[in-house]
Each structure stands twice: as structure tokens, then as C-alpha cells.
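All remarks here apply to the structure that follows.
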Amino acid sequence: MAELVVLIDHTAGTPKKVSLQMLTAARSLAADLGSEVAAVWLGPGAADASAQLGAHGATKLYHWDSDEASAYVTLPQVEALEAVLDQTDVAAVLFASTNHVKDVAARLAIRVDAGVITDCTGLGVDAGAIVATKEVFGGELITTSRVADGKVPMFGVASNAFVAEPADGAAPELVALDVTLSDVAKAAAVTSVEKQSDSSRPDIAEAAIVVSGGRGLGKEDGFELIEQLADVLGAGVGASRAATDAGWYPHRYQVGQTGRTISPSLYLCAGISGAIQHRAGMQTSQNIVAINKDPEAPIFQITDFGVVGDLYDVVPALIEEIRSRTS
Amino acid sequence: MKVIVPVKRVPDTAGDKIIDPETKTVDRDAVESVLCPINEFALEEAMRLKEEHDAELTVLLVGPDEAQPVVRKALSYGLDAGLQITDEAIGGSDALGTAKIIAKALEGTEFDVVIFGNQSTDARTSLVPAAVAELLGLPSLTYARHLEIDGDRIVVHREHEEGYDVVESTLPAIVSVVEAINEPRYPSFKGIMAAKSKPLNVKSLADLGVSADDVGAGAAAATLYEFEPRPPKEAGTIVEDDGSGSAARQLAEWLAEKKFI
């Protein structure tokens, strides 16, 4: 049976939410295609995660337990995936459409003559082939595309595009991969990993709720208020380009055209006017809330709930309201 | 040291995008085109290498004649020469097709490092730098927020969600940069004037030894077959804060209704 291969993105032994969302999407595609869902876990930790992956739809789990998977840049994962593709009839490859994984996809695509569609927000089956919808030009247009015949179809899945739903899946069949890295794969080494994030907050791509601050905060300290609001909501913290350019918050939290594109269930921003460059990174969010002094700010064109007012009045009051309701 | 900076001509983000229903590609005549803003960080980083290592800098652009102003714009930052790949057959190429053209252009050029922007503001696939590296059998040190070259070694701080990885390889290497890496200069008047007379080499696909059948819309691995504008959003609730705290209360109620709290 052809396999729908899903590359599991994980951190410290735990699958990221997008991985379980991909498995859920793959389960439904596999049913339509008459194929099975095979997950791929690269690096240590596959055995511990296998039950959860099985519950979400993986019937097979290819794993490579070696630390080499992350000891070099990109290519170990490419070569491990090549090993999977060598031993199976592949229906398609699904991967998390995040920066580092896109590199894996690009290099793999060249090696196996694949076609890649990144940042998919919808996947379906039409006439026996997978079709993907994605938003382009900052969400202004929605396109539907498919991979040309004769190419291995690869789809990068956007975070939060699908809802992860466990099924009654049993533990998957474990298949250990035998990978011997080529010399070229060892050409670029990872010499250290610097973690700078406050791990108490979810990453903005994974978070169900993201609270963002921008120029209207007026100062770096303003982010303390944004963080407080994020913490009462269990949210991740984002920032506009104006805020990251000013050095108020690190670039990796930037939402927008030159930063990251996210689609949380709730995007709540304060002091962000909503220029198109910012909207390009967040307008696919399911619910949008803005707090801004300027009633003419373009962000209010796309909000579900907007508050016109001084964020230094509204946000503290909102934090108190939420605390009193949740305590 | 020789450095190549591939740049892209993109529709201005603020302009209205029109997709031609026949070709299913963006009608680039209908919207103002500009140098991709993320390329500015690559150009600045290249200029830093020029200042520190006396590097020789070439701008590379794949695109039609009309894109030449974008090459000149890139040169105005202070780079030395331009290389433009122009061919009617290129139109409609997807990211991997574009990567094939860039890789062929690089094969015929001497370089130590190639500096891309981490994504273009139009397609935003981020696939091109790593695909080019794969085609050339070189390391892809992407998403650089810091870059250092010492002899034939390159060290990059590769940004990710939780911080960054320190990665290193020997040269030559393919790099992409994120905007955290530097603060781009503005082209000087002198730079803008000088850019007009910098050497610009224009090549066709045949010059590179690329078959027209391997690129363009016909060879694109991803086929677009439908598109529609995003449906307009229904107007939401707007409340004004009158200083009584009622706006915050109404927002909290809305959040509770939606089960966010």
C-alpha cells in the first residue's frame, strides 16, 4: 500500500502541535487515497512518542534514533527521508511548513525530483491526487494547486491549519532506519544550540492565542504589559516589525511579511496599526482583536472585536477583568 | 573573496495584485515592482564583507529586461557588478525551477559565498537558497542573524523559534539572512550615480546551458489551477474606551463567549 509520509517535527522528545495536526489531516487524505499514514521521527525519542502518534493516525513509524540527526545542518534529515522514500511507494510527503523544515524539503525535492507546495492551509483529494490550498500575497488571494504528474508530491503544512484529533489508532509498527550519512551531509556542523526563549510561553506558530505589541507601546518596557496579558491568557507573545526594529523585542517573535506568518485561534494586538506588511503575517487568524488609539487604524478593518482607546488604560483593565473571571 | 547576492524583483506589497486568468501568474505590469525588501539585508551584509575582507560583490537577478532597474538599485548599495539572466522561457518558473537557473548561473561564476534573503516578500516559500545549495552540493547556512568569515571557515548564527544554532562549514557556502542580521544603509547619491555605469552582464538560458523545457510554467512542479480573492471579512464590534473600564469588560465578555477565557 502506498504511504503518506509525515515528517514529525518535535522538540525535546515531544511532537509539536503541528505534527499531530498533520497526522490528523493525513488520516483523512489516506482514507481518500487508499494509502496508509507513515510517520517519520528523526533523532532520539521515537519509542516514547509512538503511542501518541499512533493515536493520531500513524500506522507505521520510521525512526532514526541517532543524535547525528541534529548534529549537522539539514542534510541528515534529508538523507534519512531519502532512506524512507527508497523503501516505500510514497503517495506524498507532508512536513511542517516552518523555516528549518522547509530547507529539508527543498534539498529533498531536488534529490528525489519532487514538487513542493509550502504553507498549505487546506488539503483535499481530487481525481486521485492531493490538492492544496494556500494563501498568497499576505492572504489577499487563495490559490488551489497540485503537484505535476511524475513528481513526488510534497506539502508543507501551516501550523494551526488543521485541528488535531486523536482517533482510536493502535501503536504503530516501528521500523528502524539504517542511515549512513554522506560526507556532504557532514559538511556543515551544528556546534552549539542557544536557547533564549522563555519556555513558559508557547511558540507563536504553535500557540492557540497570540498577544502582540507594536509601535504604540512607545517603549521597550511596554512589552512587560503585553507579557502579563499573554500570561493570563496562556498565550505566546508576538511583535510588529516596528517593535523588533526598535529593539524592544527579539526578531524571532516578529509577525508579518519579514517575520513569521501565524494563524492562531485568537490574535490580540495592542498598539499595532495593521499595515499590510503586518497583516500578511496574521490575517488568517480565526479571531482578531485590536486595541488602538486611532479609530482609523487599518487593523480595525479586519478585527472581530476592536477597542479604540489608550492601551495603557485598556490592557491593565482587561488583565484585571480576566483575572477576576478566571480566579 | 567573491560574494554573489541573488536579488528578486517583487510586486510592491502595498499594491493590488492581479492574477492573469490565462497564465495564472501575477500580472506584473499591473502593479509597481520593487527590489525585494529582504534583499536589502543581504546587500548590506555583502557590503560589510567588502569593507572587512575587500570582497568583490556581484548582484544576480533572474528576470525580464524590465527588471533591470532592480539590478541597478541593488548595485547602488555599492556592489561591483551585475549578472542578469533573461529569457522568455523563464516566466512562470516555480521556486525549484528558479533555483535551477540560479544554480546554473553560479556554476559558471567564481564565488566563496552566496547571500540570499531568507524569503521573498511575494512567494515566501523560502525554498530557493537550500535548493540551490543542493544543486551545487554545498552547505546551506540559512536564516543567518549573524555571519562571520575567517579564512576559509564561515560561522553563522542560524535563527529558530527558540533562539539560534551556531553552525559552521568551509567555503564556498550558500547563506540566507534574516532581517535581524544588520541595519541596511541607504544608497548614497554617489552610489546611485555610480550604479548606472557598473558592468552588467546579461545572459540567456542557452548561455547557461539550460534547456527551455526544464524551466518556466510548463516545467513547474506545482501547478496552480484555481485562485480567488480572500472573502471580505464581516465588520466586527468596535467599542470606544470612555475611561470607565467598560470597554475592557465588554472585551472580556466577548473573550469568555468565545471560550478564550
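Identifiers in the C-alpha cells: chain A, B, ... in order shown; residue index from 1 per chain; ligand index from 1 in order shown.
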Report as a PDB file with C-alpha atoms, in the first residue's frame: the residues of stretch 7-244 of chain A with a DSSP assignment of alpha helix (DSSP H), based on the backbone of this structure.
```pdb
ATOM      1  CA  LYS A  17       1.210  20.527  17.790  1.00  0.00           C
ATOM      2  CA  VAL A  18       1.617  20.928  14.034  1.00  0.00           C
ATOM      3  CA  SER A  19       2.775  17.293  13.850  1.00  0.00           C
ATOM      4  CA  LEU A  20      -0.443  15.994  15.386  1.00  0.00           C
ATOM      5  CA  GLN A  21      -2.416  18.361  13.146  1.00  0.00           C
ATOM      6  CA  MET A  22      -0.580  16.931  10.101  1.00  0.00           C
ATOM      7  CA  LEU A  23      -1.311  13.353  11.174  1.00  0.00           C
ATOM      8  CA  THR A  24      -4.993  14.205  11.539  1.00  0.00           C
ATOM      9  CA  ALA A  25      -5.017  15.721   8.034  1.00  0.00           C
ATOM     10  CA  ALA A  26      -3.022  12.779   6.655  1.00  0.00           C
ATOM     11  CA  ARG A  27      -5.513  10.298   8.135  1.00  0.00           C
ATOM     12  CA  SER A  28      -8.323  11.788   6.145  1.00  0.00           C
ATOM     13  CA  LEU A  29      -6.254  12.064   2.948  1.00  0.00           C
ATOM     14  CA  ALA A  30      -5.067   8.465   3.322  1.00  0.00           C
ATOM     15  CA  ALA A  31      -8.664   7.260   3.609  1.00  0.00           C
ATOM     16  CA  ASP A  32      -9.498   9.001   0.324  1.00  0.00           C
ATOM     17  CA  LEU A  33      -6.345   7.839  -1.427  1.00  0.00           C
ATOM     18  CA  ALA A  46      10.504   7.816  18.849  1.00  0.00           C
ATOM     19  CA  ALA A  47       9.552   4.947  21.165  1.00  0.00           C
ATOM     20  CA  ASP A  48       8.130   7.272  23.813  1.00  0.00           C
ATOM     21  CA  ALA A  49       6.088   9.229  21.301  1.00  0.00           C
ATOM     22  CA  SER A  50       4.848   6.251  19.289  1.00  0.00           C
ATOM     23  CA  ALA A  51       1.566   5.718  21.185  1.00  0.00           C
ATOM     24  CA  GLN A  52       0.552   9.339  20.690  1.00  0.00           C
ATOM     25  CA  LEU A  53       1.497   9.259  17.004  1.00  0.00           C
ATOM     26  CA  GLY A  54      -0.447   6.023  16.578  1.00  0.00           C
ATOM     27  CA  ALA A  55      -3.489   7.525  18.270  1.00  0.00           C
ATOM     28  CA  LEU A  75      21.164  17.122   5.332  1.00  0.00           C
ATOM     29  CA  PRO A  76      20.961  14.337   7.959  1.00  0.00           C
ATOM     30  CA  GLN A  77      17.185  14.731   7.867  1.00  0.00           C
ATOM     31  CA  VAL A  78      17.221  14.792   4.069  1.00  0.00           C
ATOM     32  CA  GLU A  79      19.233  11.584   3.871  1.00  0.00           C
ATOM     33  CA  ALA A  80      17.061   9.829   6.466  1.00  0.00           C
ATOM     34  CA  LEU A  81      13.956  10.758   4.474  1.00  0.00           C
ATOM     35  CA  GLU A  82      15.645   9.511   1.328  1.00  0.00           C
ATOM     36  CA  ALA A  83      16.099   6.189   3.124  1.00  0.00           C
ATOM     37  CA  VAL A  84      12.348   6.119   3.807  1.00  0.00           C
ATOM     38  CA  LEU A  85      11.447   7.009   0.231  1.00  0.00           C
ATOM     39  CA  ASP A  86      13.836   4.335  -1.057  1.00  0.00           C
ATOM     40  CA  ASN A  99      11.792  27.655   8.302  1.00  0.00           C
ATOM     41  CA  HIS A 100      14.261  24.904   9.066  1.00  0.00           C
ATOM     42  CA  VAL A 101      11.995  22.110   7.832  1.00  0.00           C
ATOM     43  CA  LYS A 102      11.418  23.943   4.525  1.00  0.00           C
ATOM     44  CA  ASP A 103      15.168  23.621   3.919  1.00  0.00           C
ATOM     45  CA  VAL A 104      14.895  19.864   4.404  1.00  0.00           C
ATOM     46  CA  ALA A 105      12.021  19.814   1.920  1.00  0.00           C
ATOM     47  CA  ALA A 106      13.891  21.913  -0.653  1.00  0.00           C
ATOM     48  CA  ARG A 107      17.003  19.734  -0.602  1.00  0.00           C
ATOM     49  CA  LEU A 108      14.991  16.500  -0.588  1.00  0.00           C
ATOM     50  CA  ALA A 109      12.880  17.762  -3.500  1.00  0.00           C
ATOM     51  CA  ILE A 110      15.971  18.239  -5.640  1.00  0.00           C
ATOM     52  CA  ARG A 111      17.252  14.758  -4.770  1.00  0.00           C
ATOM     53  CA  VAL A 112      14.040  12.865  -5.444  1.00  0.00           C
ATOM     54  CA  GLY A 222       5.611  48.231  27.290  1.00  0.00           C
ATOM     55  CA  PHE A 223       6.231  44.581  26.473  1.00  0.00           C
ATOM     56  CA  GLU A 224       6.001  43.761  30.194  1.00  0.00           C
ATOM     57  CA  LEU A 225       2.315  44.631  29.909  1.00  0.00           C
ATOM     58  CA  ILE A 226       1.961  42.547  26.738  1.00  0.00           C
ATOM     59  CA  GLU A 227       3.625  39.614  28.502  1.00  0.00           C
ATOM     60  CA  GLN A 228       1.307  39.965  31.510  1.00  0.00           C
ATOM     61  CA  LEU A 229      -1.734  39.863  29.242  1.00  0.00           C
ATOM     62  CA  ALA A 230      -0.253  36.898  27.372  1.00  0.00           C
ATOM     63  CA  ASP A 231       0.337  35.051  30.628  1.00  0.00           C
ATOM     64  CA  VAL A 232      -3.230  35.427  31.912  1.00  0.00           C
ATOM     65  CA  LEU A 233      -4.428  34.056  28.553  1.00  0.00           C
ATOM     66  CA  ARG A 241       8.295  44.994  12.785  1.00  0.00           C
ATOM     67  CA  ALA A 242       8.337  48.495  14.299  1.00  0.00           C
ATOM     68  CA  ALA A 243       8.816  46.923  17.731  1.00  0.00           C
ATOM     69  CA  THR A 244      11.518  44.460  16.679  1.00  0.00           C
TER      70      THR A 244
END
```
Open item on the list: Run DSSP on the backbone and tell me which residues of stretch 56-252 of chain B come out as strand (DSSP E); list them as an NGL selection string.
Closed with: :B and (56-62 or 81-85 or 113-117 or 140-150 or 153-160 or 163-170 or 173-177 or 200-203 or 222-229 or 237-240)
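What separates atom CA of A:Gly43 from atom CA of A:Cys120 is a distance of 25.5 Å.
From atom CA of A:Phe155 back to atom CA of B:Val128, the distance works out to 15.7 Å.
For the set B:Pro187, B:Gly209, B:Gly82, B:Gly15, the residue with the smallest atom-to-atom gap to chain A is B:Gly15, counting only C-alpha atoms.
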- [ ] Would you mind listing what lies within 12 Å of B:Lys190 as a PyMOL selection string, with only C-alpha atoms counted and same-chain residues fewer than 3 positions away left out?
- [x] chain B and resi 75-78+186-187+193-197
Open item on the list: Please report the interatomic distance between atom CA of A:Phe305 and atom CA of A:Arg215 in Å with one decimal.
Closed with: 20.1 Å
